[in-house]
Structure formats: C-alpha cells, structure tokens
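The structure appears below as structure tokens.
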Amino acid sequence: MTETAQKVTISISVNGEVRPVRPGMSIADMLEAIGLNPRKVAVEQNLEVVPRSTFGEVMVSEGDRFEIVHFVGGG
Amino acid sequence: MNAPQTVAADIWTVAGRTFSSRLIVGTGKYKSFEENAAAVEASGAEIVTVAVRRVNIADPSQPMLTDFIDPKTITYLPNTAGCFSADEAIRTLRLAREAGGWNLVKLEVLGEAKTLYPDMRETLKATEALVKEGFEPMVYCVDDPIAAKQLEQAGAVAIMPLGAPIGSGLGIQNRVTIRLIVEGANVPVLVDAGVGTASDAAVAMELGCDGVLMNTAIAEAKDPVMMARAMKSAVEAGRMAYLSGRMGKRRYADPSSPLAGLI
C-alpha cells in the first residue's frame, strides 16, 4: 500500500465504535477486514438492513453507521 | 395402541411447519456452548430460541452459537428479548430475518425490567406491523384471553402466555386463564416463561397447551442435561394425560377395591 493510500481514510461507526477504513470498500470488504464470516452475520447500514446478496455491491461511505449482529444464546 | 407410539405421531404445526417435540428451549444462561448443546439434545427440542446481538468486532474469531447448535437441524427462533418498544422489536427482527433467512420469529416487547411483563399495547402494534412485512410471529403475552384473541386477529401464528415472570421459576400461576386461552385459540398456545421444574411443564400440557417454552429452568438446574431430560418426559407425560382425558374430581373418597365380598 502506498503512503497516500494509508493516509486517506474515511470514518465510519461499527457497533457504536468509530473506525477508520479505506475508501472504496464494499460491505463484503469491510466484513473481511474485520474478520467476520458474512454468512453468519446480518448488517444494518444507517438503520436499513442490507440484504446479504448485495454485500459485494453496497459501498461503505463516510459517516455510515453500521450494526453487525449475529445469533447468541437467549430465551 | 401403546402410548409412546401415540405421542410419536402426535405432531403439531405452527405457520405451516410441523414438529413432533412440544418443548422449545432457550439457549441463554448456560455455562458453556457444549453444555447448552448437550441440554438441547437431551430435551429433544426441535426449536431453540436465540437472541440477536452485536458481534464482538474486537474479537471476531470467538466461537458462535451456530458452531455448536446447527441451524440446519434445529430451527432457530430469533427473539426480541430486551426490546421495550415495537420499533426496537421490529428493527431487531428485520436483522434476524436477514441473519437467519426465515420469517418465523418470537416477538416479545417488554414493559419494565423488574417484572419483564409484556407491554401489550406495543406487542399488538408490533404484531400488526410484522405481519404486514411477511413475518410469522409467535408472540409472548400476558395470560389474558382477550389479549390472546386480539393477537390472533392481528396475525400471531402462536400465542405464548407467561405462566409466571420470565426467569422466576414460580410455575403456572393462573391455570384458569391459561385454560381459557387454550379453549379460545385457533393457533397453537405455548406457555412461555415461568416454568421452574418438570411438574410445571406437565401442568401446562395438562391444561391443553400445544407446547412449552423454557430456558432458565434447564439452564440453572445443577445438572442442566438431566433437567432437560426431565422436561422432555414431563411435556410428554402432560400431553398424554391431557389426551387421555383425566378422571373427574370428587369431594370425598371413593374406594378402588370392591366393597362386595368383604370378610
């Protein structure tokens, strides 16, 4: 990665935490960068559920708020 | 006809899906995923409830529930535990539908933290909205026969009245209202919450419920796997007792041995 690319980041919020990410990422890229299996999670982008089938196409933009959830034990 | 075969054939259907186990178990409060999976196995449950929560992005490699309880063999019923408004519950279930890929969900909208009693106004509102979006909600509710009818009219695919407060283990507090709900319903009725031990589950089934949903009674037993087995037996015993038609009650004794021929 070039020095310029490292410097240029956008700021997003994931599960309430602000994270710098590189621009031009799809949601699939973001999940991969975090280390998550896209088949095991659901993603909400700015309060809208993102269909899993579109993870590769939907882009991450500056200021986006993401919630990434999965199933946990519960009653 | 022998009784176990009768029970094996005694299936029930919710939203077009058919099950033979009438016990639904939760997956919360277990010491480990291994213990949880063993208890589910021992319970014979075909449906488990699960919650929807944020993934831990700081440690994404943590084991997940789906690694231990296979959603392909056990039906995951996502819940809205912890939601105190219709909007929160709907938001949660939209994500659950995307995570799981199915419409069968458990709706619970809570009114207050102390009792975890359902907020029926919000519950009814959420039921109507979810049905419009194509969900099939099984709905946790108060043990009120009129509220149960309203939920059914709104499109609830199952009515799930509490037997006692969530996690209390106090047992079925009002048998009359549970029976009235069962008698008035055209969709499955399952007691959800309040069961503490096996006899409580049997009581629910003897009242004619289609099933019982429990979590804490198994998870907080000293031996959860053995309690899961006990609950399986209790649900089956209660169901058979209901189907067999119990004897009438008498105010006084009635001898079982003949009075004739006494020496």
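Residues are named by chain letter and number: chains run A, B, ... in the order of the structure tokens, numbers start at 1 in each chain, and ligands are numbered from 1 in the order shown.
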For this session: Enumerate the residues of region 69-187 of chain B with a DSSP assignment of strand (DSSP E or B), computed from the backbone, and present them as a ChimeraX atom specification.
Result: /B:75-78,104-107,110,118,136-141,158-161
Problem set entry | Contact residues (chain B, partner chain A, 6 Å, only C-alpha atoms) as a PyMOL selection string | chain B and resi 26-28+49-55+60+65+95+98-99+215
For this session: Based on DSSP run over this structure's backbone, return all residues of region 40-221 of chain B in alpha helix (DSSP H), as a ChimeraX atom specification.
Result: /B:40-43,86-100,120-132,145-154,175-184,198-206,216-219
Can you write just those residues out, C-alpha atoms, as a compact mmCIF listing (two decimals), in the first residue's frame?
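So the final result, stored in selection-v3.txt, reads:
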```
# COMPACT_ATOMS: atom_id res chain seq x y z
CA VAL B 40 -30.79 -29.22 23.73
CA GLU B 41 -30.00 -32.76 22.63
CA ALA B 42 -31.36 -34.26 25.87
CA SER B 43 -34.51 -32.14 25.69
CA ALA B 86 -42.49 -2.06 19.00
CA ASP B 87 -39.94 -0.18 16.90
CA GLU B 88 -36.94 -1.80 18.62
CA ALA B 89 -38.51 -5.24 18.27
CA ILE B 90 -39.26 -4.76 14.58
CA ARG B 91 -35.73 -3.47 13.91
CA THR B 92 -34.26 -6.49 15.70
CA LEU B 93 -36.39 -8.98 13.78
CA ARG B 94 -35.61 -7.41 10.41
CA LEU B 95 -31.94 -8.12 11.17
CA ALA B 96 -32.79 -11.58 12.48
CA ARG B 97 -34.59 -12.40 9.26
CA GLU B 98 -31.54 -11.38 7.27
CA ALA B 99 -29.19 -13.34 9.56
CA GLY B 100 -31.28 -16.49 9.52
CA MET B 120 -49.40 -5.47 25.34
CA ARG B 121 -50.10 -2.21 23.53
CA GLU B 122 -46.64 -2.25 21.94
CA THR B 123 -46.82 -6.02 21.45
CA LEU B 124 -50.05 -5.74 19.48
CA LYS B 125 -48.67 -2.84 17.43
CA ALA B 126 -45.52 -4.81 16.62
CA THR B 127 -47.51 -7.93 15.72
CA GLU B 128 -49.59 -5.99 13.18
CA ALA B 129 -46.51 -4.36 11.64
CA LEU B 130 -44.54 -7.61 11.46
CA VAL B 131 -47.38 -9.50 9.81
CA LYS B 132 -47.60 -6.74 7.16
CA PRO B 145 -57.79 -14.46 27.00
CA ILE B 146 -58.89 -11.20 25.35
CA ALA B 147 -55.33 -10.07 24.58
CA ALA B 148 -54.73 -13.54 23.16
CA LYS B 149 -57.71 -13.17 20.80
CA GLN B 150 -56.53 -9.71 19.71
CA LEU B 151 -53.07 -11.09 18.91
CA GLU B 152 -54.56 -13.93 16.92
CA GLN B 153 -56.71 -11.46 14.95
CA ALA B 154 -53.58 -9.41 14.29
CA ARG B 175 -54.41 -22.21 35.37
CA VAL B 176 -57.82 -20.71 34.68
CA THR B 177 -56.56 -18.06 32.26
CA ILE B 178 -54.20 -20.46 30.51
CA ARG B 179 -57.11 -22.88 30.00
CA LEU B 180 -59.36 -20.07 28.72
CA ILE B 181 -56.68 -19.01 26.22
CA VAL B 182 -56.28 -22.62 25.03
CA GLU B 183 -60.03 -23.03 24.63
CA GLY B 184 -60.41 -19.77 22.70
CA ALA B 198 -40.85 -30.74 35.50
CA SER B 199 -44.29 -30.72 37.15
CA ASP B 200 -44.84 -27.12 35.96
CA ALA B 201 -44.30 -28.22 32.36
CA ALA B 202 -46.68 -31.13 32.89
CA VAL B 203 -49.32 -28.75 34.27
CA ALA B 204 -49.07 -26.56 31.17
CA MET B 205 -49.54 -29.57 28.92
CA GLU B 206 -52.40 -30.99 31.02
CA THR B 216 -33.84 -20.87 32.95
CA ALA B 217 -35.47 -23.99 34.41
CA ILE B 218 -33.00 -26.09 32.44
CA ALA B 219 -30.00 -23.75 32.27
```
Exercise. Pick from B:Ala185, B:Leu259, B:Lys114, B:Asn56: nearest to Asp144 (chain B), with only C-alpha atoms counted?
Worked result: B:Ala185
Exercise. So what do you get for CA of Pro20 (chain A) versus CA of Thr54 (chain A), distance-wise?
Worked result: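 Atom-to-atom, CA of Pro20 (chain A) to CA of Thr54 (chain A), that is 22.4 Å.
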Exercise. Which residues, written as a PyMOL selection string, have at least one atom at most 12 Å from Thr73 (chain B), with only C-alpha atoms counted and residues fewer than 5 positions away on the same chain left out?
Worked result: chain B and resi 40-41+44-48+66+68
Mind dumping the selected residues with all heavy atoms as a compact mmCIF listing (two decimals), in the first residue's frame?
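See part-v8.txt below for the written result:
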```txt
# COMPACT_ATOMS: atom_id res chain seq x y z
N VAL B 40 -29.83 -29.25 24.85
CA VAL B 40 -30.79 -29.22 23.73
C VAL B 40 -31.01 -30.64 23.22
O VAL B 40 -32.15 -31.08 23.01
CB VAL B 40 -30.28 -28.30 22.59
CG1 VAL B 40 -31.14 -28.45 21.34
CG2 VAL B 40 -30.26 -26.84 23.05
N GLU B 41 -29.92 -31.37 23.10
CA GLU B 41 -30.00 -32.76 22.63
C GLU B 41 -30.88 -33.60 23.57
O GLU B 41 -31.78 -34.31 23.15
CB GLU B 41 -28.58 -33.32 22.55
CG GLU B 41 -28.46 -34.81 22.30
CD GLU B 41 -28.34 -35.14 20.83
OE1 GLU B 41 -27.69 -34.36 20.12
OE2 GLU B 41 -28.89 -36.17 20.40
N GLY B 44 -34.68 -33.05 23.46
CA GLY B 44 -35.39 -33.49 22.27
C GLY B 44 -36.00 -32.32 21.50
O GLY B 44 -36.74 -32.53 20.53
N ALA B 45 -35.71 -31.09 21.91
CA ALA B 45 -36.31 -29.92 21.26
C ALA B 45 -35.91 -29.83 19.80
O ALA B 45 -34.77 -30.15 19.43
CB ALA B 45 -35.91 -28.65 22.00
N GLU B 46 -36.85 -29.39 18.98
CA GLU B 46 -36.58 -29.17 17.56
C GLU B 46 -36.49 -27.69 17.24
O GLU B 46 -36.15 -27.30 16.13
CB GLU B 46 -37.69 -29.81 16.72
CG GLU B 46 -37.73 -31.32 16.87
CD GLU B 46 -39.02 -31.91 16.34
OE1 GLU B 46 -40.11 -31.42 16.69
OE2 GLU B 46 -38.95 -32.90 15.59
N ILE B 47 -36.86 -26.87 18.25
CA ILE B 47 -36.80 -25.41 18.09
C ILE B 47 -36.04 -24.85 19.29
O ILE B 47 -36.29 -25.27 20.42
CB ILE B 47 -38.21 -24.78 18.08
CG1 ILE B 47 -39.11 -25.43 17.02
CG2 ILE B 47 -38.13 -23.27 17.87
CD1 ILE B 47 -40.56 -24.91 17.04
N VAL B 48 -35.13 -23.93 19.04
CA VAL B 48 -34.47 -23.20 20.14
C VAL B 48 -34.66 -21.70 19.92
O VAL B 48 -34.68 -21.24 18.78
CB VAL B 48 -32.96 -23.51 20.26
CG1 VAL B 48 -32.71 -24.97 20.57
CG2 VAL B 48 -32.18 -23.09 19.01
N THR B 66 -23.89 -20.87 16.53
CA THR B 66 -24.15 -21.70 15.34
C THR B 66 -23.08 -22.77 15.14
O THR B 66 -23.31 -23.73 14.41
CB THR B 66 -24.24 -20.82 14.08
OG1 THR B 66 -23.16 -19.89 14.10
CG2 THR B 66 -25.55 -20.06 14.03
N PHE B 68 -22.14 -24.68 17.48
CA PHE B 68 -22.47 -25.77 18.42
C PHE B 68 -23.88 -26.32 18.23
O PHE B 68 -24.12 -27.49 18.50
CB PHE B 68 -22.30 -25.27 19.86
CG PHE B 68 -20.88 -24.95 20.20
CD1 PHE B 68 -20.32 -23.72 19.87
CD2 PHE B 68 -20.07 -25.90 20.81
CE1 PHE B 68 -19.00 -23.43 20.16
CE2 PHE B 68 -18.74 -25.63 21.10
CZ PHE B 68 -18.21 -24.38 20.77
```
